[in-house]
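What's in coords.txt: compact mmCIF, C-alpha atoms and all ligand atoms
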# COMPACT_ATOMS: atom_id res chain seq x y z
CA MET A 584 22.19 -59.05 -0.47
CA THR A 585 21.47 -55.94 1.54
CA ARG A 586 24.44 -55.18 3.70
CA THR A 587 23.40 -54.00 7.12
CA ASP A 588 26.47 -54.31 9.33
CA GLY A 589 29.19 -52.70 7.24
CA THR A 590 31.64 -55.40 8.24
CA ALA A 591 32.32 -57.36 5.10
CA GLY A 592 33.09 -57.04 1.44
CA ALA A 593 33.29 -53.27 1.43
CA ALA A 594 35.05 -53.19 -1.92
CA ALA A 595 32.46 -55.27 -3.84
CA PRO A 596 31.29 -53.39 -6.94
CA ALA A 597 27.86 -51.87 -6.46
CA GLY A 598 26.42 -53.91 -9.32
CA GLU A 599 27.22 -57.16 -7.50
CA ARG A 600 25.27 -56.26 -4.42
CA GLY A 601 21.81 -56.94 -5.75
CA GLY A 602 18.66 -55.25 -4.46
CA ALA A 603 16.98 -52.34 -6.22
CA PRO A 604 19.66 -50.60 -8.24
CA ASP A 605 18.48 -47.14 -7.25
CA ALA A 606 17.89 -47.76 -3.54
CA PHE A 607 21.08 -46.50 -1.98
CA ASP A 608 21.96 -46.11 1.68
CA LEU A 609 23.76 -42.90 0.77
CA LEU A 610 23.69 -40.64 -2.26
CA VAL A 611 26.44 -38.04 -2.31
CA VAL A 612 25.70 -34.95 -4.41
CA GLY A 613 28.94 -33.06 -4.76
CA SER A 614 32.30 -32.32 -6.22
CA ALA A 615 35.00 -34.46 -7.75
CA ASN A 616 38.47 -32.96 -8.14
CA ALA A 617 41.89 -34.17 -9.10
CA ASP A 618 44.33 -33.04 -6.41
CA LEU A 619 47.61 -32.05 -8.09
CA VAL A 620 50.26 -31.93 -5.38
CA VAL A 621 53.84 -30.62 -5.56
CA ARG A 622 56.15 -30.52 -2.53
CA VAL A 623 58.28 -27.37 -2.36
CA GLU A 624 61.04 -26.12 -0.06
CA ARG A 625 59.22 -22.80 0.14
CA ARG A 626 55.86 -21.73 -1.26
CA PRO A 627 56.34 -19.05 -3.93
CA GLY A 628 55.46 -15.41 -3.35
CA ALA A 629 54.01 -13.03 -5.96
CA GLY A 630 56.01 -13.09 -9.21
CA GLU A 631 58.25 -15.86 -7.92
CA THR A 632 59.02 -19.28 -9.43
CA VAL A 633 60.24 -22.19 -7.30
CA LEU A 634 61.15 -25.73 -8.28
CA GLY A 635 59.26 -28.56 -6.63
CA SER A 636 58.99 -32.34 -6.44
CA ASP A 637 57.48 -34.60 -9.09
CA LEU A 638 53.76 -34.04 -9.51
CA ALA A 639 51.47 -36.39 -7.58
CA VAL A 640 47.85 -36.73 -8.73
CA HIS A 641 45.26 -37.93 -6.22
CA PRO A 642 41.49 -38.38 -6.51
CA GLY A 643 39.76 -35.79 -4.32
CA GLY A 644 36.92 -33.31 -4.00
CA LYS A 645 34.58 -33.39 -1.05
CA GLY A 646 31.78 -35.26 -2.80
CA ALA A 647 34.03 -37.92 -4.28
CA ASN A 648 35.82 -38.29 -0.94
CA GLN A 649 32.58 -38.82 0.95
CA ALA A 650 31.35 -41.43 -1.52
CA VAL A 651 34.58 -43.44 -1.33
CA ALA A 652 34.63 -43.24 2.47
CA ALA A 653 31.08 -44.58 2.82
CA ALA A 654 31.47 -47.33 0.23
CA ARG A 655 34.68 -48.59 1.84
CA LEU A 656 32.76 -48.94 5.11
CA GLY A 657 30.15 -51.08 3.37
CA ALA A 658 27.42 -48.54 2.61
CA ARG A 659 25.52 -48.92 -0.66
CA THR A 660 26.65 -45.61 -2.09
CA ALA A 661 26.09 -43.58 -5.25
CA LEU A 662 27.70 -40.37 -6.43
CA LEU A 663 25.95 -37.59 -8.36
CA ALA A 664 28.65 -35.33 -9.75
CA ARG A 665 30.16 -33.98 -12.97
CA VAL A 666 33.67 -34.59 -14.31
CA GLY A 667 35.36 -33.64 -17.58
CA ASP A 668 35.87 -35.99 -20.49
CA ASP A 669 39.58 -36.23 -19.67
CA ALA A 670 42.24 -38.24 -17.86
CA HIS A 671 41.45 -36.70 -14.47
CA GLY A 672 37.80 -37.59 -14.87
CA ARG A 673 38.73 -41.17 -15.68
CA LEU A 674 41.03 -41.34 -12.65
CA LEU A 675 38.21 -40.14 -10.40
CA LEU A 676 35.69 -42.60 -11.84
CA GLN A 677 38.15 -45.44 -11.47
CA ALA A 678 38.70 -44.58 -7.80
CA GLN A 679 34.94 -44.52 -7.21
CA ARG A 680 34.40 -47.86 -8.92
CA ALA A 681 37.31 -49.46 -7.06
CA ALA A 682 35.68 -48.47 -3.77
CA GLY A 683 32.31 -49.88 -4.86
CA VAL A 684 30.50 -46.59 -5.52
CA ALA A 685 27.77 -46.62 -8.18
CA VAL A 686 28.76 -43.98 -10.74
CA ASP A 687 25.77 -44.06 -13.12
CA GLY A 688 24.89 -40.61 -11.77
CA VAL A 689 28.28 -39.11 -12.62
CA LEU A 690 27.88 -36.84 -15.66
CA THR A 691 30.74 -36.19 -18.04
CA GLY A 692 31.84 -33.25 -20.16
CA GLY A 693 31.23 -29.56 -20.66
CA ALA A 694 34.43 -28.43 -18.94
CA PRO A 695 37.66 -29.98 -17.68
CA THR A 696 37.51 -32.02 -14.49
CA GLY A 697 37.88 -29.81 -11.41
CA VAL A 698 41.40 -29.61 -10.05
CA ALA A 699 42.99 -28.48 -6.82
CA LEU A 700 46.54 -27.16 -7.34
CA ILE A 701 48.30 -27.82 -4.04
CA THR A 702 51.80 -26.83 -2.94
CA VAL A 703 53.01 -28.23 0.37
CA ASP A 704 56.09 -26.99 2.22
CA PRO A 705 58.28 -29.05 4.60
CA SER A 706 56.31 -27.90 7.64
CA GLY A 707 53.13 -29.30 6.04
CA ASP A 708 51.61 -25.88 5.38
CA ASN A 709 49.95 -25.68 1.99
CA SER A 710 48.57 -23.23 -0.56
CA ILE A 711 45.64 -24.39 -2.66
CA VAL A 712 44.02 -23.01 -5.81
CA VAL A 713 40.81 -24.77 -6.87
CA SER A 714 39.58 -24.66 -10.46
CA PRO A 715 35.99 -25.93 -10.19
CA GLY A 716 35.78 -26.91 -13.88
CA ALA A 717 32.99 -29.42 -14.44
CA ASN A 718 31.80 -29.13 -10.81
CA ALA A 719 30.46 -25.66 -11.64
CA LEU A 720 28.35 -27.23 -14.41
CA LEU A 721 26.44 -29.62 -12.14
CA THR A 722 23.12 -27.81 -12.51
CA PRO A 723 19.69 -27.83 -10.84
CA GLY A 724 18.45 -29.43 -14.08
CA ASP A 725 20.88 -32.32 -13.55
CA ILE A 726 19.35 -32.89 -10.11
CA ARG A 727 15.81 -32.85 -11.53
CA SER A 728 16.89 -35.38 -14.16
CA ALA A 729 18.19 -37.62 -11.36
CA ALA A 730 15.07 -37.16 -9.19
CA ARG A 731 14.43 -40.91 -8.91
CA LEU A 732 17.95 -41.53 -7.64
CA VAL A 733 17.68 -38.63 -5.18
CA ARG A 734 14.30 -39.62 -3.77
CA ALA A 735 15.18 -43.30 -3.44
CA ALA A 736 18.22 -42.75 -1.20
CA ARG A 737 17.93 -43.13 2.55
CA VAL A 738 20.33 -40.25 3.04
CA VAL A 739 21.50 -37.54 0.65
CA SER A 740 24.72 -35.78 1.58
CA ALA A 741 25.91 -32.53 -0.02
CA GLN A 742 28.70 -29.98 0.36
CA LEU A 743 29.25 -26.56 -1.25
CA GLU A 744 31.90 -27.24 -3.91
CA ILE A 745 29.07 -27.29 -6.47
CA PRO A 746 26.71 -24.37 -7.22
CA LEU A 747 24.50 -23.40 -4.29
CA ALA A 748 21.48 -23.45 -6.61
CA THR A 749 22.19 -27.15 -7.22
CA VAL A 750 22.19 -27.83 -3.48
CA VAL A 751 18.91 -25.91 -3.14
CA GLU A 752 17.40 -28.02 -5.93
CA THR A 753 18.62 -31.19 -4.22
CA VAL A 754 16.67 -30.20 -1.10
CA ARG A 755 13.57 -29.44 -3.21
CA VAL A 756 13.70 -32.67 -5.19
CA LEU A 757 14.36 -34.69 -2.04
CA GLY A 758 11.28 -33.11 -0.48
CA GLY A 759 11.81 -34.93 2.79
CA ALA A 760 11.79 -38.38 1.13
CA GLY A 761 15.18 -39.15 2.69
CA ARG A 762 17.41 -37.51 5.26
CA PHE A 763 19.53 -34.52 4.16
CA VAL A 764 23.03 -33.98 5.52
CA LEU A 765 25.07 -30.90 4.62
CA ASN A 766 28.71 -30.03 5.20
CA PRO A 767 28.73 -26.33 4.21
CA SER A 768 32.27 -26.25 2.88
CA PRO A 769 33.58 -23.91 1.62
CA ALA A 770 31.51 -22.01 4.18
CA GLY A 771 29.22 -19.19 3.10
CA PRO A 772 25.71 -17.87 3.62
CA LEU A 773 22.95 -20.48 3.33
CA PRO A 774 19.28 -19.92 2.46
CA ALA A 775 16.77 -20.86 5.15
CA GLU A 776 15.32 -23.48 2.79
CA VAL A 777 18.60 -25.39 2.93
CA LEU A 778 19.38 -24.78 6.60
CA THR A 779 16.01 -26.06 7.81
CA ALA A 780 16.41 -29.27 5.78
CA CYS A 781 19.74 -30.22 7.38
CA ASP A 782 19.63 -33.19 9.73
CA PRO A 783 22.41 -32.60 10.60
CA LEU A 784 24.37 -29.57 9.50
CA VAL A 785 27.99 -30.79 9.91
CA VAL A 786 30.65 -28.12 10.45
CA ASN A 787 34.24 -27.96 11.55
CA GLU A 788 35.52 -25.14 13.74
CA HIS A 789 36.29 -22.85 10.79
CA GLU A 790 32.89 -23.38 9.17
CA ALA A 791 31.12 -22.78 12.51
CA ARG A 792 32.92 -19.45 12.89
CA VAL A 793 32.07 -18.35 9.36
CA LEU A 794 28.38 -19.24 9.75
CA LEU A 795 28.12 -17.58 13.16
CA GLY A 796 30.26 -14.54 12.37
CA ASP A 797 30.76 -12.23 15.31
CA GLY A 798 28.16 -14.21 17.23
CA ALA A 799 30.57 -17.14 17.71
CA GLY A 800 31.65 -17.22 21.35
CA PRO A 801 34.61 -19.17 22.72
CA ASP A 802 32.76 -22.38 23.51
CA PRO A 803 32.00 -25.13 20.92
CA ALA A 804 28.85 -26.20 22.80
CA GLY A 805 27.70 -22.60 22.46
CA TRP A 806 28.41 -22.74 18.71
CA ALA A 807 26.28 -25.87 18.44
CA ARG A 808 23.36 -24.13 20.18
CA SER A 809 23.76 -20.96 18.12
CA LEU A 810 23.88 -23.02 14.92
CA LEU A 811 20.66 -24.79 15.95
CA ALA A 812 19.06 -21.37 16.23
CA LEU A 813 19.73 -20.89 12.49
CA GLY A 814 17.16 -23.61 11.80
CA PRO A 815 18.72 -27.03 11.12
CA ARG A 816 17.06 -30.05 12.71
CA SER A 817 20.37 -31.06 14.23
CA VAL A 818 24.01 -29.98 14.26
CA VAL A 819 27.34 -31.78 14.49
CA VAL A 820 30.51 -29.78 15.18
CA THR A 821 33.79 -31.59 14.46
CA LEU A 822 36.78 -30.61 16.57
CA GLY A 823 39.74 -32.49 15.10
CA ALA A 824 41.62 -34.52 17.73
CA ALA A 825 39.12 -33.27 20.33
CA GLY A 826 36.30 -35.25 18.67
CA ALA A 827 32.86 -33.83 17.95
CA LEU A 828 29.66 -32.44 19.44
CA THR A 829 26.14 -33.45 18.47
CA ALA A 830 23.19 -31.15 19.10
CA ASP A 831 19.54 -32.15 18.72
CA GLY A 832 17.14 -29.42 17.60
CA ARG A 833 14.10 -31.03 19.23
CA THR A 834 15.58 -31.49 22.70
CA GLY A 835 18.41 -28.95 22.62
CA VAL A 836 20.66 -31.64 24.12
CA VAL A 837 24.36 -31.31 23.25
CA GLU A 838 26.55 -34.41 23.58
CA ARG A 839 30.32 -34.63 23.37
CA VAL A 840 31.96 -37.51 21.49
CA ALA A 841 35.66 -38.16 22.08
CA ALA A 842 38.05 -39.00 19.24
CA PRO A 843 40.15 -42.16 19.50
CA ARG A 844 43.80 -41.28 20.20
CA VAL A 845 45.86 -41.98 17.10
CA SER A 846 49.12 -40.76 15.68
CA ALA A 847 48.06 -38.26 12.99
CA VAL A 848 50.06 -38.29 9.75
CA ASP A 849 47.81 -36.30 7.39
CA THR A 850 44.43 -34.82 8.29
CA THR A 851 43.38 -34.14 4.67
CA GLY A 852 39.84 -35.33 4.11
CA ALA A 853 39.20 -36.36 7.72
CA GLY A 854 36.02 -34.29 7.82
CA ASP A 855 34.75 -35.87 4.60
CA ALA A 856 35.29 -39.38 6.00
CA PHE A 857 33.62 -38.41 9.28
CA THR A 858 30.60 -36.87 7.55
CA ALA A 859 30.10 -39.80 5.19
CA ALA A 860 30.23 -42.31 8.03
CA LEU A 861 27.91 -40.19 10.16
CA ALA A 862 25.38 -39.78 7.34
CA TRP A 863 25.32 -43.49 6.60
CA ARG A 864 24.87 -44.53 10.24
CA LEU A 865 22.15 -41.93 10.84
CA GLY A 866 20.35 -43.31 7.81
CA ARG A 867 20.41 -46.72 9.47
CA GLY A 868 18.50 -45.24 12.39
CA GLU A 869 21.35 -44.84 14.87
CA GLU A 870 21.14 -42.16 17.54
CA PRO A 871 23.26 -39.08 16.70
CA ALA A 872 25.82 -39.65 19.46
CA ALA A 873 26.26 -43.32 18.49
CA ALA A 874 26.60 -42.42 14.82
CA ALA A 875 29.14 -39.70 15.71
CA ARG A 876 31.13 -42.14 17.86
CA TYR A 877 31.39 -44.46 14.87
CA ALA A 878 32.24 -41.52 12.56
CA ALA A 879 34.99 -40.43 14.97
CA ARG A 880 36.61 -43.86 14.59
CA VAL A 881 36.48 -43.40 10.80
CA GLY A 882 37.91 -39.87 10.98
CA ALA A 883 40.68 -41.08 13.30
CA ALA A 884 41.60 -43.93 10.95
CA ALA A 885 41.68 -41.49 8.02
CA VAL A 886 44.36 -39.30 9.64
CA THR A 887 46.76 -42.17 10.30
CA ARG A 888 47.77 -42.46 6.63
CA PRO A 889 48.71 -39.92 3.95
CA GLY A 890 46.16 -38.66 1.45
CA ALA A 891 42.38 -38.57 1.54
CA GLN A 892 40.61 -41.34 -0.41
CA GLU A 893 43.69 -43.57 -0.31
CA ALA A 894 43.66 -43.31 3.49
CA TYR A 895 40.03 -44.22 4.08
CA PRO A 896 39.49 -47.35 6.16
CA VAL A 897 37.55 -50.53 5.70
CA PRO A 898 35.81 -51.64 8.92
CA ALA A 899 38.69 -53.93 9.98
CA GLN A 900 41.00 -50.90 10.03
CA LEU A 901 38.95 -48.86 12.50
CA PRO A 902 40.48 -48.07 15.90
CA PRO A 903 38.43 -48.98 18.97
CA PRO A 904 36.06 -46.28 20.26
CA ALA A 905 37.65 -43.63 22.51
P1 LIG A 1001 37.98 -31.14 8.86
O1 LIG A 1001 38.79 -32.23 8.23
O2 LIG A 1001 36.73 -30.79 8.11
O3 LIG A 1001 38.78 -29.91 9.23
P2 LIG A 1001 38.14 -32.08 11.61
O4 LIG A 1001 39.58 -31.70 11.61
O5 LIG A 1001 37.30 -31.57 12.73
O6 LIG A 1001 37.42 -31.72 10.24
O7 LIG A 1001 38.10 -33.69 11.60
C1 LIG A 1001 36.90 -34.41 11.46
C2 LIG A 1001 36.86 -35.56 12.45
O8 LIG A 1001 37.95 -36.46 12.19
C3 LIG A 1001 37.00 -35.13 13.90
O9 LIG A 1001 35.74 -34.82 14.48
C4 LIG A 1001 37.61 -36.37 14.51
O10 LIG A 1001 36.60 -37.30 14.84
C5 LIG A 1001 38.49 -36.93 13.39
N1 LIG A 1001 39.87 -36.44 13.55
C6 LIG A 1001 40.45 -35.40 12.91
N2 LIG A 1001 41.73 -35.23 13.33
C7 LIG A 1001 41.95 -36.19 14.25
C8 LIG A 1001 43.08 -36.55 15.07
N3 LIG A 1001 44.25 -35.88 15.02
N4 LIG A 1001 42.95 -37.61 15.91
C9 LIG A 1001 41.79 -38.30 15.98
N5 LIG A 1001 40.70 -38.01 15.24
C10 LIG A 1001 40.77 -36.97 14.39
Once more with this new file: its structure as structure tokens, please.
Amino acid sequence: MTRTDGTAGAAAPAGERGGAPDAFDLLVVGSANADLVVRVERRPGAGETVLGSDLAVHPGGKGANQAVAAARLGARTALLARVGDDAHGRLLLQAQRAAGVAVDGVLTGGAPTGVALITVDPSGDNSIVVSPGANALLTPGDIRSAARLVRAARVVSAQLEIPLATVVETVRVLGGAGRFVLNPSPAGPLPAEVLTACDPLVVNEHEARVLLGDGAGPDPAGWARSLLALGPRSVVVTLGAAGALTADGRTGVVERVAAPRVSAVDTTGAGDAFTAALAWRLGRGEEPAAAARYAARVGAAAVTRPGAQEAYPVPAQLPPPA
């Protein structure tokens, strides 16, 4: 059965879906982290020790988040990542499998699973230290070894929590066989080879400002146009509760997509859910604005519950379009 409408059975294990095992709607090449969260009355300063709540461990990392988000919507999804041979790695794999993500491409060992050490104060402000661990060992050679998987996917989605050289190799191996979507987070300089492959480059406000530097004016539509000038085939700028903008490199047309009004509880991972949904729908041939409208419903649903992966919706949980 090839699922085309994303409306049913989102949690079926990938192996039960039939079809060619390596023909995925979406391949996510990216990070997998365990998020270790402690609530504190006050975040500690230098040299200071504070007592906090019991430790909570959540599956996270931008790559793992995107894969879970897409699979829960019904996309045939695979993850190419690296985790440690440890309890955090097993937790992450279990979360992927439970969502229906194919994890044959997840490599194990070489370093501990990546972790994000997160302290959150009562106002919701947080401090985060990321230890990349095994994510830093996902190499260009790993991508070459998975070339069949990469080239068979309709869409390949990447972020920057793995080495940049690995993202560059993903673009090379893909060679235009499928669509390439990049969320450049954490934001930093990108080689032209990567920028020109993006269709789209997906950025939030912070990432847009970093990529544009002093050239970022006050107006998000202006950011979208300036980002297009850097070379991607298309651009999507996400604007939190204000929705998103799509910009087409061929026509220069910028379209605004509103976000459904929801009561936000926790915005962690909203961008990952949005990007995964967008990538999947674009791969199905939807127009950018239509795909972004759908992705905005997914992002909105994701903020209505605490956590990232745990908060991601199945289609029945999506709010109506704005
Ligand atoms: P990031 O999580 O990367 O910072 P954004 O905050 O821009 O990215 O969120 C990504 C998308 O999720 C937005 O474009 C929007 O569609 C949706 N979203 C985020 N916050 C809200 C919100 N408070 N209400 C409705 N939708 C939201």
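For the pair atom CA of Ala807 of chain A and atom CA of Ala879 of chain A, the interatomic distance is 17.3 Å.
Taking atom CA of Leu765 of chain A as the reference point, atom CA of Val640 of chain A is found at 27.0 Å.
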Please write as a PyMOL selection string the list of polymer residues whose atoms come within 12 Å of (40.4, -49.8, 22.1), counting only C-alpha atoms and keeping to the coordinates of the file.
chain A and resi 842-845+880+901-905
Pull the closest atom pair for each residue of chain A that gets at most 7 Å from ligand LIG 1001 (chain A), along with the distance in Å to one decimal, counting only C-alpha atoms and all ligand atoms, ordering rows by chain and then ascending residue number, as a tab-separated table.
residue	atom	partner	partner_atom	distance
A:Asn787	CA	A:LIG1001	O5	4.9
A:Glu788	CA	A:LIG1001	O5	6.7
A:Thr821	CA	A:LIG1001	O9	3.8
A:Leu822	CA	A:LIG1001	O5	4.0
A:Gly823	CA	A:LIG1001	O5	3.5
A:Ala824	CA	A:LIG1001	C8	3.7
A:Ala825	CA	A:LIG1001	C4	6.8
A:Gly826	CA	A:LIG1001	O9	4.2
A:Ala827	CA	A:LIG1001	O9	4.6
A:Ala842	CA	A:LIG1001	N5	4.9
A:Pro843	CA	A:LIG1001	C9	5.5
A:Arg844	CA	A:LIG1001	C9	5.5
A:Val845	CA	A:LIG1001	N4	5.4
A:Ser846	CA	A:LIG1001	N3	6.9
A:Ala847	CA	A:LIG1001	N3	4.9
A:Thr850	CA	A:LIG1001	N2	5.7
A:Thr851	CA	A:LIG1001	O1	6.1
A:Gly852	CA	A:LIG1001	O1	5.3
A:Ala853	CA	A:LIG1001	O1	4.2
A:Gly854	CA	A:LIG1001	O1	3.5
A:Asp855	CA	A:LIG1001	O2	6.5
A:Phe857	CA	A:LIG1001	C2	5.4
A:Ala878	CA	A:LIG1001	O10	6.5
A:Ala879	CA	A:LIG1001	O10	3.5
A:Arg880	CA	A:LIG1001	O10	6.6
A:Gly882	CA	A:LIG1001	O8	3.6
A:Ala883	CA	A:LIG1001	N5	3.6
A:Val886	CA	A:LIG1001	C7	6.1
Residue selection dump (C-alpha atoms) as a PDB file, in the frame of the given file:
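Okay, this is what ended up in again.pdb:
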ATOM      1  CA  ASN A 787      34.240 -27.960  11.550  1.00  0.00           C
ATOM      2  CA  GLU A 788      35.520 -25.140  13.740  1.00  0.00           C
ATOM      3  CA  THR A 821      33.790 -31.590  14.460  1.00  0.00           C
ATOM      4  CA  LEU A 822      36.780 -30.610  16.570  1.00  0.00           C
ATOM      5  CA  GLY A 823      39.740 -32.490  15.100  1.00  0.00           C
ATOM      6  CA  ALA A 824      41.620 -34.520  17.730  1.00  0.00           C
ATOM      7  CA  ALA A 825      39.120 -33.270  20.330  1.00  0.00           C
ATOM      8  CA  GLY A 826      36.300 -35.250  18.670  1.00  0.00           C
ATOM      9  CA  ALA A 827      32.860 -33.830  17.950  1.00  0.00           C
ATOM     10  CA  ALA A 842      38.050 -39.000  19.240  1.00  0.00           C
ATOM     11  CA  PRO A 843      40.150 -42.160  19.500  1.00  0.00           C
ATOM     12  CA  ARG A 844      43.800 -41.280  20.200  1.00  0.00           C
ATOM     13  CA  VAL A 845      45.860 -41.980  17.100  1.00  0.00           C
ATOM     14  CA  SER A 846      49.120 -40.760  15.680  1.00  0.00           C
ATOM     15  CA  ALA A 847      48.060 -38.260  12.990  1.00  0.00           C
ATOM     16  CA  THR A 850      44.430 -34.820   8.290  1.00  0.00           C
ATOM     17  CA  THR A 851      43.380 -34.140   4.670  1.00  0.00           C
ATOM     18  CA  GLY A 852      39.840 -35.330   4.110  1.00  0.00           C
ATOM     19  CA  ALA A 853      39.200 -36.360   7.720  1.00  0.00           C
ATOM     20  CA  GLY A 854      36.020 -34.290   7.820  1.00  0.00           C
ATOM     21  CA  ASP A 855      34.750 -35.870   4.600  1.00  0.00           C
ATOM     22  CA  PHE A 857      33.620 -38.410   9.280  1.00  0.00           C
ATOM     23  CA  ALA A 878      32.240 -41.520  12.560  1.00  0.00           C
ATOM     24  CA  ALA A 879      34.990 -40.430  14.970  1.00  0.00           C
ATOM     25  CA  ARG A 880      36.610 -43.860  14.590  1.00  0.00           C
ATOM     26  CA  GLY A 882      37.910 -39.870  10.980  1.00  0.00           C
ATOM     27  CA  ALA A 883      40.680 -41.080  13.300  1.00  0.00           C
ATOM     28  CA  VAL A 886      44.360 -39.300   9.640  1.00  0.00           C
TER      29      VAL A 886
END
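Checking A:Leu638, A:Val612, A:Leu676, A:Ala606 one by one against Val751 of chain A, counting all atoms listed in the file, you find the shortest gap at A:Val612.
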Would you mind telling me which residue in A:Gly613, A:Gly771, A:Pro896, A:Gly635 lies nearest to Thr753 of chain A when using all atoms listed in the file?
A:Gly613
Kindly list the centre and edge lengths in Å, rounded to one decimal, for the axis-aligned box that covers all listed atoms of segment 786-805 of chain A plus 3 Å on each of its six sides, as lines of an AutoDock Vina configuration file.
center_x = 32.0
center_y = -20.2
center_z = 16.3
size_x = 14.6
size_y = 21.9
size_z = 20.3
Anything within 7 Å of (45.9, -25.7, 0.0): list those residues as a PyMOL selection string, counting only C-alpha atoms and sticking to the file's coordinates.
chain A and resi 701-702+709-712
Test item: residues at most 9 Å from segment 789-805 of chain A, all atoms listed in the file, excluding those fewer than 4 positions along its chain, as a PyMOL selection string
chain A and resi 766-773+785+809-810+820+822+828-830+837-839
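For the choices A:Val703, A:Ala841, A:Val739, A:Ala615, the atom-to-atom distance to Thr858 of chain A is smallest for A:Val739 when using only C-alpha atoms.
Among the candidates A:Pro705, A:Pro898, A:Gly866, A:Gly667, the residue lying nearest to Val621 of chain A is A:Pro705 (atoms considered: only C-alpha atoms).
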I'd like the interatomic distance between atom CA of Val777 of chain A and atom CA of Val750 of chain A, to a tenth of an Å.
7.7 Å
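With all atoms listed in the file as the atoms that count, the minimum distance from Leu675 of chain A to the choices A:Arg867, A:Val738, A:Leu609, A:Gln892 is reached by A:Gln892.
Distances from A:Pro871, A:Gly707, A:Pro774, A:Gly630 to Pro889 of chain A were compared using only C-alpha atoms, and the smallest one belongs to A:Gly707.
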Which polymer residues have any atom within 7 Å of an atom of Ala658 of chain A, counting all atoms listed in the file, with same-chain residues fewer than 5 positions away left out, as a ChimeraX atom specification?
/A:589,608-609,653,863
